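> If it helps, the file is called coords_27.cif and holds mmCIF, C-alpha atoms:
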```cif
data_protein
loop_
_atom_site.label_atom_id
_atom_site.label_comp_id
_atom_site.auth_asym_id
_atom_site.auth_seq_id
_atom_site.Cartn_x
_atom_site.Cartn_y
_atom_site.Cartn_z
CA ASN A 139 1.48 -19.15 -9.90
CA MET A 140 3.77 -17.64 -7.26
CA LEU A 141 1.96 -14.33 -7.64
CA LEU A 142 0.81 -13.07 -4.23
CA ASP A 143 1.71 -16.35 -2.51
CA ASN A 144 2.38 -16.61 1.24
CA TYR A 145 2.38 -12.91 2.06
CA THR A 146 1.63 -11.96 5.64
CA SER A 147 1.72 -8.18 5.39
CA VAL A 148 1.05 -5.40 2.93
CA LEU A 149 2.65 -1.96 3.14
CA PHE A 150 1.38 1.11 1.37
CA ASP A 151 2.58 4.54 0.45
CA PHE A 152 -0.21 7.07 1.08
CA ASP A 153 -0.10 9.98 -1.38
CA GLY A 154 -0.70 8.78 -4.90
CA VAL A 155 -1.85 5.36 -3.63
CA PHE A 156 -4.76 6.06 -1.27
CA THR A 157 -5.15 9.43 -3.03
CA ASP A 158 -4.86 10.65 -6.62
CA ASN A 159 -1.77 12.63 -5.56
CA ARG A 160 -3.63 15.93 -5.57
CA VAL A 161 -4.21 18.11 -2.52
CA TRP A 162 -6.70 20.88 -1.81
CA VAL A 163 -5.20 23.75 0.19
CA THR A 164 -7.35 26.39 1.90
CA GLN A 165 -6.22 29.96 2.47
CA ASP A 166 -5.52 28.94 6.09
CA GLY A 167 -3.08 26.29 4.85
CA LEU A 168 -5.33 23.35 5.73
CA GLU A 169 -4.99 20.40 3.37
CA ALA A 170 -7.62 17.92 2.23
CA VAL A 171 -7.35 14.86 0.00
CA ALA A 172 -9.84 12.52 -1.68
CA CYS A 173 -9.69 8.81 -0.90
CA HIS A 174 -11.65 5.86 -2.30
CA ARG A 175 -14.29 4.37 0.01
CA GLY A 176 -13.79 0.86 -1.35
CA ASP A 177 -10.23 0.74 -0.03
CA GLY A 178 -11.44 0.55 3.57
CA MET A 179 -13.57 -2.52 2.93
CA GLY A 180 -10.70 -4.27 1.13
CA LEU A 181 -8.39 -3.62 4.07
CA ALA A 182 -10.99 -4.84 6.58
CA LEU A 183 -11.38 -8.08 4.59
CA LEU A 184 -7.59 -8.57 4.53
CA ARG A 185 -7.38 -8.00 8.28
CA ALA A 186 -10.13 -10.57 8.83
CA ARG A 187 -7.90 -13.07 7.01
CA GLY A 188 -4.96 -12.26 9.30
CA ILE A 189 -2.97 -10.11 6.88
CA GLU A 190 -1.42 -7.04 8.49
CA ALA A 191 -1.39 -3.70 6.69
CA ALA A 192 0.52 -0.49 7.36
CA VAL A 193 1.30 2.86 5.74
CA LEU A 194 4.75 4.40 5.30
CA SER A 195 4.49 8.04 4.22
CA SER A 196 7.04 10.78 3.53
CA GLU A 197 4.31 13.33 4.10
CA SER A 198 3.75 14.74 7.55
CA ASN A 199 0.12 15.73 7.48
CA PRO A 200 -2.85 15.26 9.81
CA VAL A 201 -5.00 13.99 6.90
CA VAL A 202 -2.72 10.95 6.53
CA MET A 203 -3.04 10.00 10.19
CA ALA A 204 -6.78 10.74 10.27
CA ARG A 205 -7.45 8.43 7.32
CA CYS A 206 -5.17 5.69 8.64
CA GLN A 207 -6.83 5.83 12.07
CA LYS A 208 -10.24 5.52 10.47
CA LEU A 209 -9.06 2.50 8.47
CA GLY A 210 -7.30 0.96 11.50
CA LEU A 211 -3.92 1.10 9.76
CA HIS A 212 -0.58 1.35 11.51
CA CYS A 213 0.97 4.52 10.08
CA GLN A 214 4.43 6.04 10.10
CA GLN A 215 4.71 9.44 8.48
CA GLY A 216 7.26 12.15 7.92
CA LEU A 217 9.74 9.50 6.78
CA GLU A 218 12.79 10.78 4.92
CA ASP A 219 14.02 7.26 4.25
CA LYS A 220 11.24 4.72 3.79
CA GLY A 221 13.65 1.85 3.18
CA THR A 222 15.22 2.21 6.62
CA ALA A 223 11.75 2.53 8.16
CA LEU A 224 10.62 -0.66 6.41
CA ARG A 225 13.68 -2.62 7.59
CA LEU A 226 13.13 -1.38 11.15
CA LEU A 227 9.41 -2.20 11.07
CA ALA A 228 10.15 -5.74 9.84
CA LYS A 229 12.73 -6.20 12.61
CA GLU A 230 10.37 -4.89 15.31
CA THR A 231 7.43 -7.01 14.18
CA GLY A 232 9.46 -10.09 13.28
CA VAL A 233 8.07 -10.06 9.73
CA ASP A 234 10.31 -11.47 6.99
CA LEU A 235 10.51 -8.89 4.19
CA LYS A 236 10.22 -11.79 1.70
CA ASN A 237 6.64 -12.15 2.96
CA THR A 238 5.67 -8.53 2.43
CA ILE A 239 4.02 -6.71 -0.45
CA TYR A 240 4.72 -3.01 -0.99
CA LEU A 241 2.44 -0.74 -3.04
CA GLY A 242 3.91 2.58 -4.14
CA ASN A 243 3.87 5.15 -6.93
CA ASP A 244 6.92 7.40 -6.81
CA VAL A 245 10.73 7.31 -6.69
CA ASN A 246 10.81 7.43 -2.87
CA ASP A 247 9.03 4.04 -2.92
CA LEU A 248 11.57 2.28 -5.15
CA GLU A 249 13.75 0.99 -2.31
CA CYS A 250 10.73 -0.41 -0.44
CA MET A 251 9.48 -2.04 -3.64
CA ARG A 252 12.91 -3.68 -3.96
CA LEU A 253 13.13 -4.74 -0.31
CA ALA A 254 9.67 -6.29 -0.22
CA GLY A 255 9.07 -9.79 -1.51
CA PHE A 256 6.65 -8.35 -4.05
CA GLY A 257 6.59 -4.79 -5.38
CA VAL A 258 3.37 -3.33 -6.76
CA ALA A 259 2.71 -0.01 -8.52
CA VAL A 260 -0.54 1.86 -9.15
CA ALA A 261 -1.41 2.39 -12.83
CA ASP A 262 -0.30 6.05 -12.89
CA SER A 263 3.02 5.53 -11.11
CA ARG A 264 6.29 7.12 -12.18
CA PRO A 265 7.96 5.28 -15.10
CA GLU A 266 10.75 4.04 -12.78
CA ASN A 267 8.18 2.40 -10.49
CA LEU A 268 6.25 0.86 -13.39
CA ALA A 269 9.52 -0.62 -14.69
CA GLN A 270 10.49 -2.09 -11.32
CA ALA A 271 7.11 -3.43 -10.22
CA ASP A 272 6.37 -7.16 -10.06
CA LEU A 273 2.75 -6.14 -10.73
CA VAL A 274 1.18 -2.96 -12.12
CA LEU A 275 -2.43 -2.46 -11.05
CA GLY A 276 -5.18 -1.46 -13.47
CA GLU A 277 -6.38 1.35 -11.20
CA ARG A 278 -4.79 4.73 -10.60
CA GLY A 279 -3.98 5.97 -7.11
CA GLY A 280 -7.05 7.23 -5.28
CA TYR A 281 -9.42 5.37 -7.60
CA GLY A 282 -9.57 2.01 -5.85
CA ALA A 283 -5.99 0.79 -6.43
CA VAL A 284 -5.72 -0.29 -2.78
CA ARG A 285 -8.98 -2.24 -3.10
CA GLU A 286 -7.78 -3.84 -6.34
CA LEU A 287 -4.65 -5.17 -4.60
CA CYS A 288 -6.68 -6.35 -1.58
CA ASP A 289 -9.08 -8.19 -3.91
CA LEU A 290 -6.21 -9.89 -5.75
CA ILE A 291 -4.72 -11.10 -2.45
CA LEU A 292 -8.12 -12.26 -1.16
CA ARG A 293 -8.81 -14.13 -4.42
CA LYS A 294 -5.43 -15.88 -4.11
CA LEU A 295 -6.16 -16.88 -0.50
CA GLU A 296 -9.54 -18.23 -1.60
CA GLU A 297 -7.98 -20.26 -4.44
CA ASP A 298 -5.38 -21.69 -2.06
CA ARG A 299 -8.09 -22.63 0.43
CA ASN A 300 -10.18 -24.32 -2.23
CA GLY A 301 -7.14 -26.12 -3.62
CA SER A 302 -7.58 -24.79 -7.15
CA SER A 303 -3.91 -23.80 -7.40
CA PRO A 304 -1.57 -26.45 -8.87
#
```
Would you mind writing the file out in structure tokens?


Amino acid sequence: NMLLDNYTSVLFDFDGVFTDNRVWVTQDGLEAVACHRGDGMGLALLRARGIEAAVLSSESNPVVMARCQKLGLHCQQGLEDKGTALRLLAKETGVDLKNTIYLGNDVNDLECMRLAGFGVAVADSRPENLAQADLVLGERGGYGAVRELCDLILRKLEEDRNGSSP
């Protein structure tokens, strides 16, 4: 099974992936989002296995950076063109895009899903993303989808280590 084989980095969209795509706005214009606690543990376990993770977000919002900092994730936000950002990031870090996984949910993630070696969509993604994905997760964005992907990768690494893959 080539699924999730030999990947060295995972890239994530933020809104609709770490969150359920909703936002709370106060009368002062401050925004808040809800994230899933389990995602952080999944990312920490991936990092312990040497897999890099980063966020590419179109949004420009302090909540994105605050959450990414807490999770220890490299984050680029306010991106108008995520595909160009992904190519640049790969070039700067020397990562082969064939060895990357991209998890997204909306049309601005389609190019990154195509560029990555393996494109993944959360369960409640746009129809275009569901159609293009190599894998559609069982969880919706903001409800542990990030953790689900982390667990799948970790399980694959474990199988490879124990030699249970053909």

> Rounded to one decimal, what separation in Å do you get between CA of Gly154 (chain A) and CA of Gly242 (chain A)?

7.8 Å

> If you measure from CA of Leu184 (chain A) to CA of His212 (chain A), what distance in Å do you get, rounded to one decimal?

14.0 Å

> Using all atoms listed in the file, which residues sit within 12 Å of Leu217 (chain A) once same-chain residues fewer than 6 positions away are excluded, as a compact mmCIF listing (two decimals) with C-alpha atoms, keeping the file's coordinate frame?


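Printed below is result.txt as written:
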```txt
# COMPACT_ATOMS: atom_id res chain seq x y z
CA ASP A 151 2.58 4.54 0.45
CA PHE A 152 -0.21 7.07 1.08
CA VAL A 193 1.30 2.86 5.74
CA LEU A 194 4.75 4.40 5.30
CA SER A 195 4.49 8.04 4.22
CA SER A 196 7.04 10.78 3.53
CA GLU A 197 4.31 13.33 4.10
CA SER A 198 3.75 14.74 7.55
CA ASN A 199 0.12 15.73 7.48
CA ALA A 223 11.75 2.53 8.16
CA LEU A 224 10.62 -0.66 6.41
CA ASN A 246 10.81 7.43 -2.87
CA ASP A 247 9.03 4.04 -2.92
```

> Closest to Gly221 (chain A) among A:Met179, A:Arg278, A:Leu168, A:Leu149, using all atoms listed in the file?

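Checking each of A:Met179, A:Arg278, A:Leu168, A:Leu149 against Gly221 (chain A), counting all atoms listed in the file, the winner is A:Leu149.
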
> Would you list the contacts of Phe150 (chain A) as an MDAnalysis selection string, taking every protein, DNA or RNA residue within 12 Å and counting all atoms listed in the file, but skipping same-chain residues closer than 6 positions in sequence?

chainID A and resid 156:157 177 181 190:196 202 206 211:215 220 224 238:244 247 250:251 254 257:260 279 283:285 287:288

> Might you spell out which residues the PyMOL selection byres ((chain A and resi 292) around 10) would select in the displayed file, as an NGL selection string?

:A and (142 or 180 or 183-184 or 187 or 189 or 286-291 or 293-298)

> Between A:Val245, A:Gly216, A:Arg299, A:Gly280, which has the minimum distance to Arg160 (chain A) (counting all atoms listed in the file)?

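Of the candidates, the smallest distance to Arg160 (chain A) is held by A:Gly280.
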
> What would the selection look like, as a list in words, if the PyMOL selection byres ((chain A and resi 201) around 8) were run on the coordinates I just shared?

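Selected by the PyMOL selection byres ((chain A and resi 201) around 8) here: Glu169, Ala170, Val171, Asn199, Pro200, Val202, Met203, Ala204 and Arg205 of chain A.
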
> Could you tell me how far CA of Ala182 (chain A) lies from CA of Gln207 (chain A), in Å and to one decimal?

12.7 Å

> Tell me which of A:Glu266, A:Asp234, A:Glu277, A:Asp272 sits closest to His174 (chain A), counting only C-alpha atoms.

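Between A:Glu266, A:Asp234, A:Glu277, A:Asp272, the residue approaching His174 (chain A) most closely is A:Glu277.
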